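J.: My structure is stored as upload25.cif, with mmCIF, N, CA and C atoms and all ligand atoms.
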data_run
#
loop_
_atom_site.label_atom_id
_atom_site.label_comp_id
_atom_site.auth_asym_id
_atom_site.auth_seq_id
_atom_site.Cartn_x
_atom_site.Cartn_y
_atom_site.Cartn_z
N MET A 433 0.74 43.15 -8.22
CA MET A 433 -0.60 43.03 -7.64
C MET A 433 -0.52 42.33 -6.28
N THR A 434 -1.04 42.98 -5.28
CA THR A 434 -0.96 42.38 -3.95
C THR A 434 -2.07 41.35 -3.76
N LYS A 435 -1.74 40.34 -3.01
CA LYS A 435 -2.73 39.29 -2.75
C LYS A 435 -3.68 39.75 -1.66
N LEU A 436 -4.92 39.36 -1.79
CA LEU A 436 -5.93 39.78 -0.83
C LEU A 436 -6.07 38.80 0.32
N LEU A 437 -6.25 39.35 1.48
CA LEU A 437 -6.58 38.53 2.64
C LEU A 437 -8.09 38.59 2.81
N PRO A 438 -8.69 37.58 3.44
CA PRO A 438 -10.15 37.63 3.62
C PRO A 438 -10.57 38.86 4.40
N LYS A 439 -11.64 39.47 3.97
CA LYS A 439 -12.15 40.67 4.64
C LYS A 439 -12.83 40.29 5.95
N ARG A 440 -13.64 39.24 5.90
CA ARG A 440 -14.32 38.78 7.09
C ARG A 440 -14.50 37.27 7.00
N TYR A 441 -14.94 36.68 8.06
CA TYR A 441 -15.18 35.24 8.05
C TYR A 441 -16.45 34.95 8.81
N GLU A 442 -16.97 33.78 8.55
CA GLU A 442 -18.18 33.39 9.25
C GLU A 442 -17.93 32.08 9.96
N VAL A 443 -18.37 32.00 11.20
CA VAL A 443 -18.17 30.80 11.98
C VAL A 443 -19.49 30.06 12.12
N GLN A 444 -19.45 28.78 11.89
CA GLN A 444 -20.64 27.97 12.07
C GLN A 444 -20.50 27.18 13.37
N LEU A 445 -21.55 27.23 14.16
CA LEU A 445 -21.55 26.47 15.41
C LEU A 445 -22.32 25.18 15.16
N ILE A 446 -21.79 24.10 15.64
CA ILE A 446 -22.45 22.82 15.41
C ILE A 446 -22.99 22.28 16.73
N TYR A 447 -24.32 22.13 16.77
CA TYR A 447 -24.98 21.58 17.95
C TYR A 447 -25.48 20.18 17.62
N GLU A 448 -25.34 19.29 18.57
CA GLU A 448 -25.79 17.92 18.35
C GLU A 448 -27.05 17.67 19.17
N CYS A 449 -28.09 17.16 18.50
CA CYS A 449 -29.33 16.85 19.18
C CYS A 449 -29.10 15.73 20.20
N ASP A 450 -29.52 15.95 21.44
CA ASP A 450 -29.28 14.91 22.46
C ASP A 450 -30.29 13.78 22.36
N ASN A 451 -31.24 13.92 21.43
CA ASN A 451 -32.23 12.86 21.25
C ASN A 451 -31.84 11.90 20.13
N CYS A 452 -31.47 12.46 18.95
CA CYS A 452 -31.16 11.59 17.82
C CYS A 452 -29.72 11.69 17.34
N GLY A 453 -28.96 12.63 17.89
CA GLY A 453 -27.55 12.75 17.50
C GLY A 453 -27.33 13.51 16.21
N CYS A 454 -28.39 14.07 15.67
CA CYS A 454 -28.29 14.81 14.43
C CYS A 454 -27.54 16.13 14.66
N GLU A 455 -26.69 16.49 13.72
CA GLU A 455 -25.93 17.73 13.86
C GLU A 455 -26.66 18.90 13.22
N HIS A 456 -26.64 20.02 13.92
CA HIS A 456 -27.27 21.24 13.40
C HIS A 456 -26.25 22.35 13.33
N TRP A 457 -26.10 22.89 12.12
CA TRP A 457 -25.15 23.98 11.91
C TRP A 457 -25.87 25.30 12.07
N CYS A 458 -25.39 26.12 12.98
CA CYS A 458 -26.03 27.41 13.23
C CYS A 458 -24.99 28.52 13.14
N SER A 459 -25.46 29.67 12.73
CA SER A 459 -24.60 30.85 12.79
C SER A 459 -24.67 31.38 14.23
N ILE A 460 -23.80 32.31 14.54
CA ILE A 460 -23.80 32.87 15.90
C ILE A 460 -25.14 33.55 16.19
N GLU A 461 -25.70 34.21 15.17
CA GLU A 461 -27.00 34.90 15.33
C GLU A 461 -28.09 33.90 15.70
N GLU A 462 -28.07 32.74 15.05
CA GLU A 462 -29.10 31.73 15.33
C GLU A 462 -28.96 31.14 16.73
N SER A 463 -27.73 31.09 17.25
CA SER A 463 -27.50 30.46 18.55
C SER A 463 -28.12 31.27 19.69
N VAL A 464 -28.36 32.58 19.46
CA VAL A 464 -28.93 33.41 20.53
C VAL A 464 -30.46 33.48 20.46
N PHE A 465 -31.04 32.82 19.47
CA PHE A 465 -32.49 32.81 19.33
C PHE A 465 -33.11 32.14 20.56
N PRO A 466 -33.90 32.87 21.35
CA PRO A 466 -34.33 32.37 22.67
C PRO A 466 -35.16 31.08 22.64
N ALA A 467 -35.92 30.87 21.57
CA ALA A 467 -36.78 29.68 21.52
C ALA A 467 -35.99 28.42 21.17
N GLY A 468 -34.75 28.60 20.78
CA GLY A 468 -33.97 27.44 20.39
C GLY A 468 -34.35 26.96 19.01
N ILE A 469 -33.92 25.78 18.65
CA ILE A 469 -34.27 25.24 17.33
C ILE A 469 -34.94 23.88 17.49
N LYS A 470 -35.67 23.52 16.46
CA LYS A 470 -36.38 22.25 16.50
C LYS A 470 -35.68 21.25 15.57
N CYS A 471 -35.37 20.10 16.11
CA CYS A 471 -34.69 19.08 15.32
C CYS A 471 -35.69 18.37 14.42
N TYR A 472 -35.15 17.70 13.41
CA TYR A 472 -36.00 16.94 12.48
C TYR A 472 -36.77 15.83 13.22
N CYS A 473 -36.21 15.37 14.34
CA CYS A 473 -36.86 14.31 15.09
C CYS A 473 -37.98 14.85 16.00
N GLY A 474 -38.13 16.18 16.00
CA GLY A 474 -39.19 16.78 16.82
C GLY A 474 -38.69 17.31 18.15
N ASN A 475 -37.46 17.03 18.48
CA ASN A 475 -36.87 17.48 19.74
C ASN A 475 -36.60 18.99 19.71
N ASN A 476 -37.06 19.68 20.73
CA ASN A 476 -36.77 21.10 20.84
C ASN A 476 -35.44 21.29 21.56
N MET A 477 -34.55 22.02 20.92
CA MET A 477 -33.23 22.19 21.53
C MET A 477 -33.02 23.64 21.93
N ARG A 478 -32.68 23.82 23.20
CA ARG A 478 -32.29 25.15 23.67
C ARG A 478 -30.79 25.23 23.48
N LEU A 479 -30.35 26.28 22.84
CA LEU A 479 -28.92 26.40 22.54
C LEU A 479 -28.22 27.32 23.53
N GLU A 480 -27.07 26.89 23.93
CA GLU A 480 -26.22 27.76 24.75
C GLU A 480 -25.63 28.80 23.79
N PRO A 481 -26.00 30.07 23.99
CA PRO A 481 -25.49 31.07 23.03
C PRO A 481 -23.99 31.30 23.16
N ILE A 482 -23.39 31.53 22.02
CA ILE A 482 -21.96 31.84 21.99
C ILE A 482 -21.84 33.33 21.72
N ASP A 483 -21.20 34.01 22.63
CA ASP A 483 -21.11 35.46 22.55
C ASP A 483 -20.06 35.91 21.54
N ASN A 484 -18.98 35.20 21.49
CA ASN A 484 -17.88 35.65 20.66
C ASN A 484 -17.02 34.47 20.25
N THR A 485 -16.46 34.56 19.07
CA THR A 485 -15.52 33.54 18.63
C THR A 485 -14.28 34.24 18.12
N ARG A 486 -13.21 33.54 18.11
CA ARG A 486 -11.97 34.13 17.60
C ARG A 486 -11.29 33.13 16.67
N LEU A 487 -11.02 33.60 15.49
CA LEU A 487 -10.37 32.76 14.50
C LEU A 487 -9.04 33.41 14.15
N ILE A 488 -8.00 32.63 14.20
CA ILE A 488 -6.69 33.18 13.86
C ILE A 488 -6.38 32.83 12.42
N LEU A 489 -6.25 33.83 11.60
CA LEU A 489 -5.97 33.62 10.19
C LEU A 489 -4.46 33.63 9.97
N SER A 490 -3.95 32.53 9.50
CA SER A 490 -2.52 32.45 9.21
C SER A 490 -2.31 32.27 7.72
N PRO A 491 -1.93 33.32 7.02
CA PRO A 491 -1.69 33.17 5.59
C PRO A 491 -0.64 32.08 5.33
N LYS A 492 -0.93 31.26 4.36
CA LYS A 492 -0.12 30.08 4.08
C LYS A 492 1.34 30.43 3.80
N ASN A 493 1.56 31.44 2.99
CA ASN A 493 2.92 31.79 2.61
C ASN A 493 3.80 32.11 3.80
N LYS A 494 3.22 32.88 4.73
CA LYS A 494 4.00 33.28 5.90
C LYS A 494 4.33 32.09 6.78
N ARG A 495 3.35 31.18 6.88
CA ARG A 495 3.56 30.01 7.72
C ARG A 495 4.68 29.14 7.14
N VAL A 496 4.68 28.99 5.82
CA VAL A 496 5.70 28.17 5.17
C VAL A 496 7.08 28.76 5.41
N LYS A 497 7.15 30.09 5.28
CA LYS A 497 8.42 30.76 5.51
C LYS A 497 8.97 30.48 6.90
N LYS A 498 8.07 30.59 7.88
CA LYS A 498 8.47 30.37 9.26
C LYS A 498 8.97 28.94 9.47
N LYS A 499 8.24 28.01 8.86
CA LYS A 499 8.60 26.60 8.98
C LYS A 499 10.00 26.36 8.42
N LYS A 500 10.28 26.99 7.29
CA LYS A 500 11.59 26.82 6.66
C LYS A 500 12.71 27.27 7.59
N GLN A 501 12.45 28.38 8.29
CA GLN A 501 13.47 28.88 9.20
C GLN A 501 13.70 27.90 10.35
N GLU A 502 12.59 27.33 10.82
CA GLU A 502 12.70 26.39 11.93
C GLU A 502 13.47 25.13 11.52
N GLN A 503 13.30 24.77 10.24
CA GLN A 503 13.92 23.53 9.78
C GLN A 503 15.34 23.74 9.25
N LYS A 504 15.81 24.96 9.35
CA LYS A 504 17.15 25.26 8.87
C LYS A 504 18.16 24.35 9.57
N PRO A 505 18.90 23.58 8.81
CA PRO A 505 19.80 22.62 9.45
C PRO A 505 20.95 23.32 10.18
N ILE A 506 21.28 22.78 11.32
CA ILE A 506 22.41 23.31 12.07
C ILE A 506 23.66 22.59 11.54
N HIS A 507 24.51 23.36 10.91
CA HIS A 507 25.69 22.75 10.31
C HIS A 507 26.71 22.42 11.39
N ASP A 508 26.92 21.14 11.59
CA ASP A 508 27.88 20.71 12.59
C ASP A 508 29.29 21.13 12.16
N GLY A 509 30.01 21.68 13.11
CA GLY A 509 31.38 22.05 12.81
C GLY A 509 31.53 23.42 12.20
N SER A 510 30.41 24.11 12.01
CA SER A 510 30.51 25.43 11.39
C SER A 510 31.24 26.42 12.31
N LYS A 511 31.09 26.20 13.61
CA LYS A 511 31.77 27.05 14.58
C LYS A 511 33.27 26.82 14.47
N MET A 512 33.67 25.56 14.34
CA MET A 512 35.08 25.23 14.23
C MET A 512 35.65 25.76 12.92
N LEU A 513 34.85 25.68 11.85
CA LEU A 513 35.29 26.19 10.56
C LEU A 513 35.55 27.69 10.67
N ASP A 514 34.61 28.38 11.33
CA ASP A 514 34.77 29.82 11.53
C ASP A 514 36.05 30.13 12.30
N ASP A 515 36.26 29.34 13.38
CA ASP A 515 37.45 29.56 14.21
C ASP A 515 38.73 29.33 13.42
N LEU A 516 38.72 28.24 12.66
CA LEU A 516 39.89 27.92 11.84
C LEU A 516 40.17 29.01 10.82
N VAL A 517 39.12 29.43 10.14
CA VAL A 517 39.27 30.45 9.10
C VAL A 517 39.81 31.75 9.69
N SER A 518 39.23 32.16 10.82
CA SER A 518 39.68 33.42 11.40
C SER A 518 41.11 33.30 11.92
N ALA A 519 41.47 32.12 12.41
CA ALA A 519 42.85 31.90 12.86
C ALA A 519 43.82 32.02 11.69
N LEU A 520 43.44 31.41 10.57
CA LEU A 520 44.29 31.44 9.38
C LEU A 520 44.38 32.85 8.79
N VAL A 521 43.25 33.54 8.82
CA VAL A 521 43.25 34.93 8.31
C VAL A 521 44.17 35.79 9.17
N ASN A 522 44.11 35.56 10.49
CA ASN A 522 44.97 36.31 11.41
C ASN A 522 46.45 36.03 11.15
N LEU A 523 46.74 34.82 10.64
CA LEU A 523 48.12 34.45 10.35
C LEU A 523 48.57 34.95 8.98
N GLY A 524 47.68 35.65 8.29
CA GLY A 524 48.08 36.28 7.04
C GLY A 524 47.54 35.64 5.76
N TYR A 525 46.74 34.57 5.91
CA TYR A 525 46.17 33.94 4.72
C TYR A 525 44.98 34.76 4.23
N LYS A 526 44.72 34.63 2.92
CA LYS A 526 43.54 35.27 2.36
C LYS A 526 42.30 34.49 2.80
N LYS A 527 41.15 35.17 2.83
CA LYS A 527 39.90 34.56 3.31
C LYS A 527 39.55 33.30 2.51
N THR A 528 39.58 33.40 1.18
CA THR A 528 39.20 32.24 0.36
C THR A 528 40.16 31.08 0.56
N GLU A 529 41.44 31.41 0.67
CA GLU A 529 42.46 30.40 0.89
C GLU A 529 42.27 29.73 2.25
N SER A 530 41.94 30.55 3.23
CA SER A 530 41.74 30.06 4.59
C SER A 530 40.56 29.09 4.65
N VAL A 531 39.46 29.44 3.97
CA VAL A 531 38.28 28.58 3.95
C VAL A 531 38.62 27.24 3.32
N LYS A 532 39.35 27.30 2.21
CA LYS A 532 39.72 26.08 1.50
C LYS A 532 40.60 25.18 2.38
N LYS A 533 41.60 25.79 3.02
CA LYS A 533 42.51 25.04 3.89
C LYS A 533 41.76 24.47 5.10
N ALA A 534 40.90 25.29 5.68
CA ALA A 534 40.14 24.87 6.87
C ALA A 534 39.25 23.67 6.55
N LYS A 535 38.57 23.74 5.40
CA LYS A 535 37.67 22.64 5.02
C LYS A 535 38.46 21.36 4.76
N GLU A 536 39.60 21.52 4.11
CA GLU A 536 40.42 20.35 3.82
C GLU A 536 40.93 19.74 5.13
N ALA A 537 41.38 20.59 6.03
CA ALA A 537 41.89 20.12 7.31
C ALA A 537 40.82 19.39 8.11
N MET A 538 39.58 19.94 8.04
CA MET A 538 38.49 19.33 8.80
C MET A 538 38.05 17.99 8.24
N SER A 539 38.40 17.73 6.98
CA SER A 539 38.05 16.42 6.41
C SER A 539 39.04 15.35 6.87
N HIS A 540 40.18 15.82 7.42
CA HIS A 540 41.19 14.87 7.91
C HIS A 540 41.20 14.76 9.42
N TYR A 541 40.99 15.88 10.09
CA TYR A 541 41.10 15.92 11.55
C TYR A 541 39.83 16.46 12.20
N SER A 542 39.69 16.16 13.48
CA SER A 542 38.47 16.56 14.16
C SER A 542 38.67 17.63 15.23
N THR A 543 39.90 17.87 15.62
CA THR A 543 40.11 18.92 16.64
C THR A 543 40.69 20.18 16.01
N LEU A 544 40.45 21.29 16.65
CA LEU A 544 40.90 22.58 16.13
C LEU A 544 42.43 22.62 16.02
N ASP A 545 43.12 22.11 17.04
CA ASP A 545 44.58 22.11 17.03
C ASP A 545 45.14 21.34 15.85
N GLU A 546 44.63 20.11 15.67
CA GLU A 546 45.11 19.26 14.57
C GLU A 546 44.85 19.90 13.21
N CYS A 547 43.64 20.47 13.08
CA CYS A 547 43.27 21.09 11.83
C CYS A 547 44.17 22.28 11.52
N LEU A 548 44.48 23.05 12.54
CA LEU A 548 45.32 24.23 12.37
C LEU A 548 46.73 23.82 11.96
N LYS A 549 47.24 22.78 12.63
CA LYS A 549 48.57 22.26 12.28
C LYS A 549 48.60 21.78 10.83
N PHE A 550 47.53 21.03 10.45
CA PHE A 550 47.44 20.50 9.10
C PHE A 550 47.38 21.65 8.08
N ALA A 551 46.54 22.65 8.37
CA ALA A 551 46.36 23.76 7.45
C ALA A 551 47.66 24.55 7.27
N LEU A 552 48.41 24.67 8.35
CA LEU A 552 49.66 25.45 8.28
C LEU A 552 50.78 24.64 7.63
N GLY A 553 50.66 23.33 7.73
CA GLY A 553 51.70 22.48 7.18
C GLY A 553 51.58 22.24 5.68
N THR A 554 50.49 22.62 5.08
CA THR A 554 50.35 22.37 3.64
C THR A 554 50.46 23.65 2.84
ZN ZN A 601 -32.95 15.19 16.92
#
Can you present the structure in this file as structure tokens?

T.:
Amino acid sequence: MTKLLPKRYEVQLIYECDNCGCEHWCSIEESVFPAGIKCYCGNNMRLEPIDNTRLILSPKNKRVKKKKQEQKPIHDGSKMLDDLVSALVNLGYKKTESVKKAKEAMSHYSTLDECLKFALGT
């Protein structure tokens, strides 16, 4: 069953009375009423009509997904691990063996040269 997105939406415009500060919620249709609206305090308010509004609907699930991608941690040293592994594979080691050796080497040494020497020496 597919989830439904809203078919339509309604925007409420909020006007504040300049006499008493009271807030008035109007629909877009009400904002174009030429006589304006009358506040509870008796103040007649002429409203600046709003011709159009735009609401961007962002479904929650999609937003969460995007956020997760943004927060994906950048694994430090993954480039070096890749380099080490491919170097070892080129030297005839199996992929799984190369990964294991590369990771072990990287726990002891920090440069590619040292790691390669360590991996080849064990
Ligand atoms: Zn008022």

J.: Please return as a list of chain:residue names the residues found within 6.5 Å of ligand ZN 601 (chain A), counting only N, CA and C atoms and all ligand atoms.

T.: A:Cys449, A:Asp450, A:Asn451, A:Cys452, A:Gly453, A:Cys454, A:Cys471, A:Tyr472, A:Cys473, A:Gly474, A:Asn475

J.: Give the answer as one residue: which of A:Ser463, A:Thr434, A:Ser510, A:Ser518 has the shortest atom-to-atom distance to A:Tyr447, using only C-alpha atoms?

T.: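 The closest residue to A:Tyr447 is A:Ser463.
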
J.: Considering only C-alpha atoms, state which residue in the set A:Ala551, A:Met477, A:Met433, A:Leu489 is at the smallest distance from A:Leu516.

T.: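 Under the stated criterion, the closest residue is A:Ala551.
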
J.: Using only C-alpha atoms, find the one residue out of A:Cys458, A:Leu520, A:Ala534, A:Leu487 that sits nearest to A:Leu445.

T.: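 Smallest separation from A:Leu445 among the options: A:Cys458.
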
J.: Output as number ranges by chain all residues of stretch 433-539 of chain A that backbone DSSP marks as strand (DSSP E or B).

T.: A: 444-448, 455-459, 469-470, 476-477

J.: Please compute the atom CA of A:Val464-atom CA of A:Lys439 distance, one decimal, in Å.

T.: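 Here the two named atoms are 24.2 Å from each other.
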
J.: One number please: atom N of A:Gln444 to atom N of A:Ile460, in Å, one decimal.

T.: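 Going from atom N of A:Gln444 over to atom N of A:Ile460, I get 6.2 Å.
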
J.: Hey, can you check how far atom CA of A:Asp514 sits from atom CA of A:Leu548?

T.: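 Atom CA of A:Leu548 lies at a distance of 12.0 Å from atom CA of A:Asp514.
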
J.: I'd like the neighbourhood of A:Pro466 as a list of chain:residue names, where a residue qualifies if any of its atoms comes within 9 Å (using only C-alpha atoms), though same-chain residues fewer than 4 positions away should be ignored.

T.: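 Neighbouring residues, sequence-local ones excluded: A:Arg478, A:Leu479, A:Pro481.
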
J.: Based on the selection just made, write N, CA and C atoms of those residues as an mmCIF file, in the frame of the given file.

T.:
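result-v9.cif, written as the output of this step:
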data_model
loop_
_atom_site.group_PDB
_atom_site.id
_atom_site.type_symbol
_atom_site.label_atom_id
_atom_site.label_comp_id
_atom_site.auth_asym_id
_atom_site.auth_seq_id
_atom_site.Cartn_x
_atom_site.Cartn_y
_atom_site.Cartn_z
ATOM 1 N N ARG A 478 -32.680 23.820 23.200
ATOM 2 C CA ARG A 478 -32.290 25.150 23.670
ATOM 3 C C ARG A 478 -30.790 25.230 23.480
ATOM 4 N N LEU A 479 -30.350 26.280 22.840
ATOM 5 C CA LEU A 479 -28.920 26.400 22.540
ATOM 6 C C LEU A 479 -28.220 27.320 23.530
ATOM 7 N N PRO A 481 -26.000 30.070 23.990
ATOM 8 C CA PRO A 481 -25.490 31.070 23.030
ATOM 9 C C PRO A 481 -23.990 31.300 23.160
#
